[in-house]
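Structure data (compact mmCIF, C-alpha atoms and all ligand atoms) from coords11.txt:
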```
# COMPACT_ATOMS: atom_id res chain seq x y z
CA MET A 1 19.46 -23.94 -5.93
CA ALA A 2 16.48 -25.90 -4.70
CA VAL A 3 13.24 -24.57 -6.04
CA THR A 4 10.18 -24.55 -3.83
CA ARG A 5 6.99 -24.45 -5.81
CA THR A 6 3.50 -23.82 -4.63
CA THR A 7 0.80 -26.14 -5.79
CA THR A 8 -2.62 -25.07 -6.95
CA THR A 9 -4.12 -26.64 -3.82
CA THR A 10 -2.85 -23.63 -1.85
CA LEU A 11 -4.93 -21.30 -3.99
CA PRO A 12 -8.51 -20.39 -3.22
CA LYS A 13 -10.95 -22.49 -5.22
CA ARG A 14 -12.40 -19.82 -7.44
CA ALA A 15 -9.18 -17.84 -8.02
CA LYS A 16 -8.58 -17.10 -11.68
CA LEU A 17 -5.34 -18.31 -13.24
CA PHE A 18 -3.54 -16.02 -15.64
CA THR A 19 -3.90 -16.66 -19.32
CA LYS A 20 -0.76 -16.91 -21.46
CA GLU A 21 -1.38 -13.33 -22.73
CA ASP A 22 -1.56 -11.99 -19.15
CA GLU A 23 1.72 -13.68 -18.31
CA LEU A 24 3.53 -12.36 -21.36
CA LYS A 25 2.20 -8.85 -20.68
CA LEU A 26 3.25 -9.16 -17.07
CA ILE A 27 6.86 -9.89 -17.95
CA LYS A 28 6.89 -7.15 -20.60
CA ASP A 29 5.51 -4.58 -18.12
CA ASP A 30 8.27 -5.35 -15.68
CA LYS A 31 10.97 -3.79 -17.84
CA TYR A 32 13.21 -1.05 -16.51
CA GLU A 33 14.23 2.05 -18.35
CA GLY A 34 15.69 5.47 -17.65
CA ASP A 35 18.68 6.63 -15.74
CA THR A 36 19.06 7.42 -12.08
CA ASP A 37 20.89 9.99 -10.04
CA ARG A 38 20.84 11.40 -6.54
CA GLN A 39 20.07 14.97 -7.57
CA LYS A 40 18.54 16.72 -4.59
CA GLY A 41 14.94 17.80 -4.91
CA LYS A 42 13.75 21.23 -3.83
CA ILE A 43 12.48 20.96 -0.26
CA VAL A 44 8.89 22.11 0.29
CA TRP A 45 9.09 23.48 3.84
CA PHE A 46 5.53 24.72 3.95
CA PRO A 47 3.23 22.92 4.30
CA ASN A 48 4.89 19.51 3.69
CA VAL A 49 7.90 19.45 6.07
CA LEU A 50 6.03 21.39 8.73
CA TRP A 51 3.04 19.03 8.45
CA TYR A 52 5.14 15.91 9.01
CA LEU A 53 7.20 17.53 11.79
CA GLY A 54 4.05 18.63 13.61
CA LEU A 55 2.49 15.19 13.20
CA HIS A 56 5.52 13.51 14.77
CA VAL A 57 5.53 15.83 17.78
CA LEU A 58 1.84 15.06 18.35
CA ALA A 59 2.47 11.32 17.79
CA PHE A 60 5.07 11.26 20.61
CA LEU A 61 2.55 13.00 22.82
CA GLY A 62 0.03 10.36 21.66
CA LEU A 63 2.37 7.53 22.64
CA TYR A 64 2.75 8.98 26.14
CA THR A 65 -1.02 9.46 26.41
CA LEU A 66 -1.68 5.90 25.23
CA LEU A 67 0.69 4.43 27.83
CA VAL A 68 -0.42 6.62 30.72
CA HIS A 69 -4.00 7.79 30.22
CA ALA A 70 -5.88 5.73 27.61
CA MET A 71 -8.64 3.29 28.60
CA TRP A 72 -8.30 -0.35 27.44
CA LYS A 73 -11.23 0.09 25.07
CA THR A 74 -9.31 2.91 23.40
CA TRP A 75 -6.32 0.56 22.94
CA ALA A 76 -8.61 -1.95 21.20
CA PHE A 77 -10.12 0.82 19.13
CA CYS A 78 -6.62 1.97 18.02
CA TYR A 79 -6.01 -1.55 16.72
CA VAL A 80 -9.29 -1.61 14.79
CA MET A 81 -8.46 1.81 13.30
CA TYR A 82 -4.99 0.51 12.34
CA LEU A 83 -6.56 -2.44 10.47
CA MET A 84 -9.05 -0.20 8.67
CA ASN A 85 -6.27 2.24 7.78
CA ALA A 86 -4.01 -0.56 6.51
CA LEU A 87 -6.73 -2.31 4.49
CA GLY A 88 -7.71 0.98 2.86
CA ILE A 89 -4.23 1.00 1.35
CA THR A 90 -3.41 -2.71 0.88
CA ALA A 91 -6.75 -4.20 -0.20
CA GLY A 92 -8.04 -0.91 -1.63
CA ALA A 93 -5.64 1.61 -3.19
CA HIS A 94 -2.98 -1.02 -3.89
CA ARG A 95 -4.38 -4.41 -4.88
CA LEU A 96 -7.86 -3.38 -6.05
CA TRP A 97 -7.33 -0.01 -7.73
CA SER A 98 -3.62 0.40 -8.61
CA HIS A 99 -3.10 -3.13 -9.92
CA ARG A 100 -6.65 -4.33 -10.62
CA THR A 101 -5.71 -7.73 -9.20
CA TYR A 102 -9.36 -8.49 -8.40
CA SER A 103 -12.82 -7.00 -8.87
CA ALA A 104 -15.37 -5.97 -6.27
CA ASN A 105 -19.02 -4.93 -6.01
CA LEU A 106 -20.27 -1.45 -5.07
CA PRO A 107 -20.72 -1.92 -1.27
CA TYR A 108 -17.18 -3.34 -0.99
CA ARG A 109 -15.73 -0.48 -3.03
CA ILE A 110 -17.54 2.09 -0.88
CA MET A 111 -16.28 0.39 2.29
CA LEU A 112 -12.69 0.31 1.00
CA MET A 113 -12.92 3.93 -0.17
CA LEU A 114 -13.93 4.96 3.36
CA PHE A 115 -11.13 2.83 4.86
CA ASN A 116 -8.82 4.60 2.42
CA CYS A 117 -10.01 7.97 3.76
CA VAL A 118 -8.96 6.79 7.24
CA SER A 119 -5.41 6.36 5.87
CA LEU A 120 -5.24 9.96 4.52
CA GLN A 121 -2.51 9.24 1.96
CA ASN A 122 -3.96 11.24 -0.96
CA ASP A 123 -7.06 10.13 -2.82
CA VAL A 124 -6.99 6.74 -4.53
CA ILE A 125 -6.62 8.15 -8.04
CA GLU A 126 -3.51 10.13 -7.09
CA TRP A 127 -2.10 7.29 -4.97
CA SER A 128 -2.58 4.82 -7.82
CA ARG A 129 -1.02 7.13 -10.40
CA ASP A 130 2.14 7.37 -8.26
CA HIS A 131 2.11 3.64 -7.63
CA ARG A 132 1.64 2.67 -11.26
CA GLY A 133 4.61 4.93 -12.05
CA HIS A 134 6.59 3.24 -9.28
CA HIS A 135 6.11 -0.13 -10.98
CA LYS A 136 6.36 0.92 -14.61
CA TRP A 137 9.56 2.95 -14.17
CA SER A 138 10.80 1.29 -10.98
CA GLU A 139 14.00 2.82 -9.55
CA THR A 140 14.47 5.32 -12.36
CA ASP A 141 14.04 9.10 -12.43
CA ALA A 142 10.36 8.65 -13.29
CA ASP A 143 9.70 6.59 -10.13
CA PRO A 144 8.08 8.95 -7.55
CA TYR A 145 9.77 7.07 -4.68
CA ASN A 146 12.96 6.04 -6.39
CA PHE A 147 15.05 3.87 -4.04
CA ASN A 148 18.26 4.95 -5.82
CA ARG A 149 17.87 8.44 -4.36
CA GLY A 150 18.50 7.08 -0.87
CA LEU A 151 16.66 5.41 1.97
CA PHE A 152 15.31 8.63 3.48
CA PHE A 153 14.07 9.86 0.12
CA CYS A 154 12.07 6.73 -0.75
CA HIS A 155 10.72 6.50 2.81
CA VAL A 156 9.40 10.04 3.33
CA GLY A 157 11.70 12.51 1.55
CA TRP A 158 9.72 12.23 -1.68
CA LEU A 159 6.74 13.73 0.14
CA MET A 160 8.81 16.71 1.31
CA THR A 161 10.38 17.66 -2.01
CA LYS A 162 9.16 18.89 -5.35
CA LYS A 163 8.51 16.10 -7.84
CA ARG A 164 11.13 15.70 -10.57
CA PRO A 165 9.96 16.71 -14.08
CA GLU A 166 10.35 13.09 -15.23
CA VAL A 167 7.90 11.92 -12.53
CA ILE A 168 5.34 14.54 -13.55
CA GLU A 169 5.75 14.03 -17.28
CA LYS A 170 5.67 10.21 -17.17
CA GLY A 171 2.88 10.24 -14.58
CA ARG A 172 0.73 12.23 -17.00
CA SER A 173 1.25 9.58 -19.68
CA LEU A 174 -0.32 6.84 -17.55
CA ASP A 175 -3.80 5.62 -18.43
CA LEU A 176 -6.03 6.25 -15.41
CA SER A 177 -9.35 6.03 -17.27
CA ASP A 178 -10.42 2.96 -15.26
CA LEU A 179 -9.99 4.94 -12.03
CA HIS A 180 -11.74 8.07 -13.30
CA GLY A 181 -14.54 5.80 -14.55
CA ASP A 182 -15.28 4.47 -11.05
CA PRO A 183 -17.98 6.73 -9.49
CA VAL A 184 -16.82 5.73 -5.98
CA LEU A 185 -13.37 7.19 -6.70
CA SER A 186 -14.76 10.29 -8.41
CA PHE A 187 -16.87 10.92 -5.30
CA GLN A 188 -13.84 10.44 -3.05
CA LYS A 189 -11.72 12.82 -5.14
CA ARG A 190 -14.43 15.48 -5.11
CA PHE A 191 -14.91 15.47 -1.33
CA TYR A 192 -11.46 14.25 -0.34
CA MET A 193 -10.47 16.92 2.21
CA PRO A 194 -13.63 16.87 4.39
CA LEU A 195 -13.98 13.10 4.02
CA GLY A 196 -10.31 12.41 4.81
CA LEU A 197 -10.17 14.71 7.84
CA LEU A 198 -13.45 13.30 9.17
CA CYS A 199 -12.41 9.63 8.77
CA CYS A 200 -8.76 10.04 9.82
CA PHE A 201 -9.14 12.40 12.80
CA GLY A 202 -12.82 13.21 13.38
CA LEU A 203 -14.34 9.76 13.91
CA PRO A 204 -11.39 8.37 15.95
CA THR A 205 -11.90 11.32 18.32
CA ILE A 206 -15.69 11.23 18.53
CA VAL A 207 -16.32 7.45 18.78
CA PRO A 208 -14.27 6.71 21.97
CA TRP A 209 -15.55 9.93 23.54
CA LEU A 210 -19.24 9.22 22.98
CA ALA A 211 -19.20 5.41 23.16
CA TRP A 212 -17.18 4.78 26.36
CA GLY A 213 -16.39 8.21 27.79
CA GLU A 214 -12.75 8.54 26.77
CA SER A 215 -11.31 12.04 26.89
CA PRO A 216 -11.60 13.46 23.33
CA TRP A 217 -8.02 14.80 23.57
CA THR A 218 -6.72 11.29 24.44
CA ALA A 219 -8.80 9.73 21.67
CA TYR A 220 -7.55 12.29 19.12
CA LEU A 221 -3.88 11.82 20.05
CA THR A 222 -3.97 8.00 20.14
CA ALA A 223 -6.57 6.56 17.73
CA GLY A 224 -6.17 9.65 15.54
CA VAL A 225 -2.62 10.98 15.30
CA LEU A 226 -0.50 8.14 16.73
CA ARG A 227 -2.31 5.47 14.67
CA TYR A 228 -2.03 7.66 11.55
CA VAL A 229 1.71 8.30 11.93
CA CYS A 230 2.46 4.61 12.66
CA CYS A 231 0.51 3.58 9.56
CA LEU A 232 2.32 6.15 7.43
CA HIS A 233 5.68 4.68 8.46
CA ILE A 234 4.44 1.14 7.85
CA THR A 235 3.33 2.07 4.31
CA TRP A 236 6.58 3.94 3.67
CA CYS A 237 8.58 0.88 4.80
CA VAL A 238 7.27 -0.94 1.71
CA ASN A 239 9.07 1.68 -0.40
CA SER A 240 12.22 1.82 1.72
CA LEU A 241 12.86 -1.27 3.88
CA ALA A 242 11.33 -3.74 1.40
CA HIS A 243 13.48 -2.29 -1.42
CA TRP A 244 16.57 -2.68 0.73
CA ARG A 245 16.68 -5.77 2.96
CA GLY A 246 15.56 -9.35 2.30
CA HIS A 247 15.83 -12.26 -0.13
CA ARG A 248 15.24 -11.98 -3.85
CA PRO A 249 14.06 -15.46 -4.86
CA TYR A 250 12.08 -14.37 -7.94
CA ASN A 251 14.33 -11.74 -9.51
CA LYS A 252 17.84 -11.07 -8.19
CA HIS A 253 18.32 -8.18 -10.65
CA ILE A 254 15.95 -5.80 -8.81
CA ASN A 255 16.13 -4.23 -5.33
CA PRO A 256 12.61 -5.10 -4.06
CA ALA A 257 12.99 -7.96 -1.58
CA GLU A 258 11.01 -10.36 0.59
CA ASN A 259 10.90 -8.47 3.88
CA LEU A 260 9.24 -10.31 6.74
CA MET A 261 9.09 -7.36 9.13
CA THR A 262 7.30 -5.17 6.59
CA SER A 263 4.86 -7.98 5.77
CA LEU A 264 4.07 -8.41 9.43
CA PHE A 265 3.09 -4.78 10.02
CA ALA A 266 1.84 -3.97 6.52
CA ILE A 267 -0.51 -6.99 6.68
CA GLY A 268 1.06 -8.80 3.72
CA GLU A 269 2.68 -6.11 1.58
CA GLY A 270 6.33 -6.88 2.32
CA TRP A 271 6.75 -9.80 -0.10
CA HIS A 272 8.06 -7.22 -2.45
CA ASN A 273 10.37 -9.23 -4.72
CA PHE A 274 7.38 -11.37 -5.65
CA HIS A 275 5.13 -8.35 -6.02
CA HIS A 276 7.49 -6.46 -8.35
CA THR A 277 8.01 -9.61 -10.40
CA PHE A 278 4.28 -10.51 -10.56
CA PRO A 279 2.40 -7.26 -9.81
CA HIS A 280 -0.94 -8.61 -11.07
CA ASP A 281 -1.25 -11.39 -8.48
CA TYR A 282 -3.94 -10.49 -5.91
CA LYS A 283 -2.01 -12.15 -3.04
CA ALA A 284 1.08 -9.96 -3.60
CA ALA A 285 2.98 -13.02 -2.38
CA GLU A 286 3.57 -16.61 -3.44
CA LEU A 287 1.98 -18.11 -0.33
CA PRO A 288 -1.58 -16.90 0.31
CA TYR A 289 -1.63 -16.53 4.09
CA MET A 290 1.97 -16.08 5.28
CA PHE A 291 1.64 -12.84 7.30
CA ASN A 292 -0.89 -11.73 4.73
CA PHE A 293 -4.09 -10.62 6.44
CA THR A 294 -5.01 -8.63 3.32
CA THR A 295 -5.36 -11.83 1.27
CA ALA A 296 -7.52 -13.40 3.99
CA PHE A 297 -9.71 -10.27 3.98
CA ILE A 298 -10.18 -10.36 0.19
CA ASP A 299 -10.88 -14.12 0.31
CA PHE A 300 -13.44 -13.69 3.08
CA PHE A 301 -15.38 -11.21 0.96
CA SER A 302 -15.15 -13.52 -2.04
CA LEU A 303 -17.06 -16.11 0.04
CA ILE A 304 -20.05 -13.78 0.18
CA GLY A 305 -19.59 -12.71 -3.44
CA TRP A 306 -18.42 -9.15 -2.81
CA THR A 307 -14.97 -9.74 -4.41
CA TYR A 308 -14.35 -11.85 -7.51
CA LYS A 309 -12.03 -12.42 -10.50
CA ARG A 310 -8.99 -12.72 -8.22
CA LYS A 311 -5.93 -13.05 -10.44
CA VAL A 312 -3.26 -15.59 -9.56
CA VAL A 313 0.02 -16.30 -11.33
CA SER A 314 0.39 -19.99 -12.15
CA SER A 315 2.79 -21.96 -9.99
CA GLN A 316 4.49 -23.14 -13.20
CA LEU A 317 5.36 -19.59 -14.21
CA VAL A 318 6.52 -18.75 -10.67
CA GLY A 319 8.76 -21.84 -10.74
CA THR A 320 10.22 -21.00 -14.15
CA VAL A 321 10.93 -17.38 -13.21
CA ARG A 322 12.49 -18.45 -9.89
CA GLN A 323 14.85 -20.82 -11.64
CA LYS A 324 15.79 -18.35 -14.32
CA TYR A 325 16.08 -15.06 -12.41
CA GLY A 326 15.99 -15.89 -8.66
CA GLU A 327 18.85 -15.77 -6.18
ZN ZN A 401 8.17 -1.19 -4.67
ZN ZN A 402 2.33 -2.50 -6.22
```

Written as structure tokens, that's how I'd like the structure from this file.
Amino acid sequence: MAVTRTTTTTLPKRAKLFTKEDELKLIKDDKYEGDTDRQKGKIVWFPNVLWYLGLHVLAFLGLYTLLVHAMWKTWAFCYVMYLMNALGITAGAHRLWSHRTYSANLPYRIMLMLFNCVSLQNDVIEWSRDHRGHHKWSETDADPYNFNRGLFFCHVGWLMTKKRPEVIEKGRSLDLSDLHGDPVLSFQKRFYMPLGLLCCFGLPTIVPWLAWGESPWTAYLTAGVLRYVCCLHITWCVNSLAHWRGHRPYNKHINPAENLMTSLFAIGEGWHNFHHTFPHDYKAAELPYMFNFTTAFIDFFSLIGWTYKRKVVSSQLVGTVRQKYGE
């Protein structure tokens, strides 16, 4: 099979290449252990199932309202809210905090923490604990969104059922001291409910209403609920669609795949075969800017010195792994 390799010229100038130790650790961390089964979890009807059902009813109402009643400025505002919501997960909870693929100064971390509140997907410490478990014990009983339990389960079912004992037990064994040591995250955890509700639903309702006279009900249903539900599905697609459909050029022995559709909507998070093979690369993809707005965002802030120490896997290692394990 022909091997396409990136060259270092495609990498941002100040990006940090992995040391040999990082690379060895990276391969070691990618091991798989544990068994899998499709044992049904106990459904949590209240509040979880009811919460997601209610949200979807309101989101359909939001779609109708967007198409029929919303002002054009509200449409534009929905898009801005979508980007903030997405970046709060991709650049924040995922690449910065879960994987530590780059470092950032205080103003950037505060900004990303607030963006993360817009996404209302649990506080960053909890999100990262689940995500670190997802990588460390990928597709085993200790994986919170284990793909082997079915497409519905890894998409949203895991949020509507009780966690398996293996997920809880293994999750507790993870070292989260770096996250607890970040005062920005401690602050977020402490005030998560009021902060999350204000950023996810309060501001998207108030801003269009006060700034350009949109009906608050329209603003709430569109920039609030509809944007939130769409972003939830986009994030969940990384756990479902990107573990199911696509090429596996870096490791054919795992389910995570290169899924263009997910990358497009999840602003760069769908290059999932690469990401599971090299989880410490800040681009979460081999190519820096192929449907990867998140990488462009991080690089922009590195220009003004707000982000730094961006970790990149060497093209030599990528090439070797492709040849050895790729499709
Ligand atoms: Zn995954
Ligand atoms: Zn990840």

Please produce, as CSV, a per-residue contact table for region 47-74 of chain A versus region 228-238 of chain A (criterion: any atom at most 8 Å away, all atoms listed in the file considered), showing the nearest atom pair and its distance in Å to one decimal, sorted by chain then residue number.
```
residue,atom,partner,partner_atom,distance
A:Leu55,CA,A:Val229,CA,7.0
A:His56,CA,A:Val229,CA,7.1
A:Ala59,CA,A:Val229,CA,6.6
```

Protein and nucleic acid residues within 12 Å of ligand ZN 402 (chain A) (all atoms listed in the file) as an mmCIF file with C-alpha atoms, in the frame of the given file:
```
data_model
loop_
_atom_site.group_PDB
_atom_site.id
_atom_site.type_symbol
_atom_site.label_atom_id
_atom_site.label_comp_id
_atom_site.auth_asym_id
_atom_site.auth_seq_id
_atom_site.Cartn_x
_atom_site.Cartn_y
_atom_site.Cartn_z
ATOM 1 C CA ASP A 30 8.270 -5.350 -15.680
ATOM 2 C CA ILE A 89 -4.230 1.000 1.350
ATOM 3 C CA THR A 90 -3.410 -2.710 0.880
ATOM 4 C CA ALA A 91 -6.750 -4.200 -0.200
ATOM 5 C CA GLY A 92 -8.040 -0.910 -1.630
ATOM 6 C CA ALA A 93 -5.640 1.610 -3.190
ATOM 7 C CA HIS A 94 -2.980 -1.020 -3.890
ATOM 8 C CA ARG A 95 -4.380 -4.410 -4.880
ATOM 9 C CA LEU A 96 -7.860 -3.380 -6.050
ATOM 10 C CA TRP A 97 -7.330 -0.010 -7.730
ATOM 11 C CA SER A 98 -3.620 0.400 -8.610
ATOM 12 C CA HIS A 99 -3.100 -3.130 -9.920
ATOM 13 C CA ARG A 100 -6.650 -4.330 -10.620
ATOM 14 C CA THR A 101 -5.710 -7.730 -9.200
ATOM 15 C CA TRP A 127 -2.100 7.290 -4.970
ATOM 16 C CA SER A 128 -2.580 4.820 -7.820
ATOM 17 C CA ARG A 129 -1.020 7.130 -10.400
ATOM 18 C CA ASP A 130 2.140 7.370 -8.260
ATOM 19 C CA HIS A 131 2.110 3.640 -7.630
ATOM 20 C CA ARG A 132 1.640 2.670 -11.260
ATOM 21 C CA GLY A 133 4.610 4.930 -12.050
ATOM 22 C CA HIS A 134 6.590 3.240 -9.280
ATOM 23 C CA HIS A 135 6.110 -0.130 -10.980
ATOM 24 C CA LYS A 136 6.360 0.920 -14.610
ATOM 25 C CA SER A 138 10.800 1.290 -10.980
ATOM 26 C CA THR A 235 3.330 2.070 4.310
ATOM 27 C CA VAL A 238 7.270 -0.940 1.710
ATOM 28 C CA ASN A 239 9.070 1.680 -0.400
ATOM 29 C CA ALA A 242 11.330 -3.740 1.400
ATOM 30 C CA PRO A 256 12.610 -5.100 -4.060
ATOM 31 C CA GLY A 268 1.060 -8.800 3.720
ATOM 32 C CA GLU A 269 2.680 -6.110 1.580
ATOM 33 C CA GLY A 270 6.330 -6.880 2.320
ATOM 34 C CA TRP A 271 6.750 -9.800 -0.100
ATOM 35 C CA HIS A 272 8.060 -7.220 -2.450
ATOM 36 C CA ASN A 273 10.370 -9.230 -4.720
ATOM 37 C CA PHE A 274 7.380 -11.370 -5.650
ATOM 38 C CA HIS A 275 5.130 -8.350 -6.020
ATOM 39 C CA HIS A 276 7.490 -6.460 -8.350
ATOM 40 C CA THR A 277 8.010 -9.610 -10.400
ATOM 41 C CA PHE A 278 4.280 -10.510 -10.560
ATOM 42 C CA PRO A 279 2.400 -7.260 -9.810
ATOM 43 C CA HIS A 280 -0.940 -8.610 -11.070
ATOM 44 C CA ASP A 281 -1.250 -11.390 -8.480
ATOM 45 C CA TYR A 282 -3.940 -10.490 -5.910
ATOM 46 C CA LYS A 283 -2.010 -12.150 -3.040
ATOM 47 C CA ALA A 284 1.080 -9.960 -3.600
ATOM 48 C CA ALA A 285 2.980 -13.020 -2.380
#
```

- Query: By how many Å are CA of Asp143 (chain A) and CA of Leu264 (chain A) apart?
  - Reply: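 About the pair CA of Asp143 (chain A) and CA of Leu264 (chain A): they are 25.3 Å apart.
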
How big is the axis-aligned box around the listed atoms of region 291-300 of chain A once 3 Å is added on each side, and where is its centre? Give both in Å to one decimal, as lines of an AutoDock Vina configuration file.
```
center_x = -5.9
center_y = -11.4
center_z = 3.7
size_x = 21.1
size_y = 11.5
size_z = 13.1
```

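Note that CA of Gly224 (chain A) and CA of Met193 (chain A) are 15.8 Å apart.
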
- Message: Report, in Å to a single decimal, how far apart CA of Arg172 (chain A) and CA of Cys200 (chain A) are.
- Response: 28.5 Å

- Smallest atom-to-atom distance to ligand ZN 401 (chain A): which of A:Phe153, A:Phe293, A:Phe201, A:Phe147, using only C-alpha atoms and all ligand atoms?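 Among the listed residues, the smallest separation from ligand ZN 401 (chain A) belongs to A:Phe147.
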
- Message: Using only C-alpha atoms, which protein or nucleic acid residues come within 12 Å of Ala76 (chain A)? Drop anything in the same chain fewer than 4 positions from it, and give the result as a ChimeraX atom specification.
- Response: /A:66,70-72,80-83,204,208,219,222-223,227
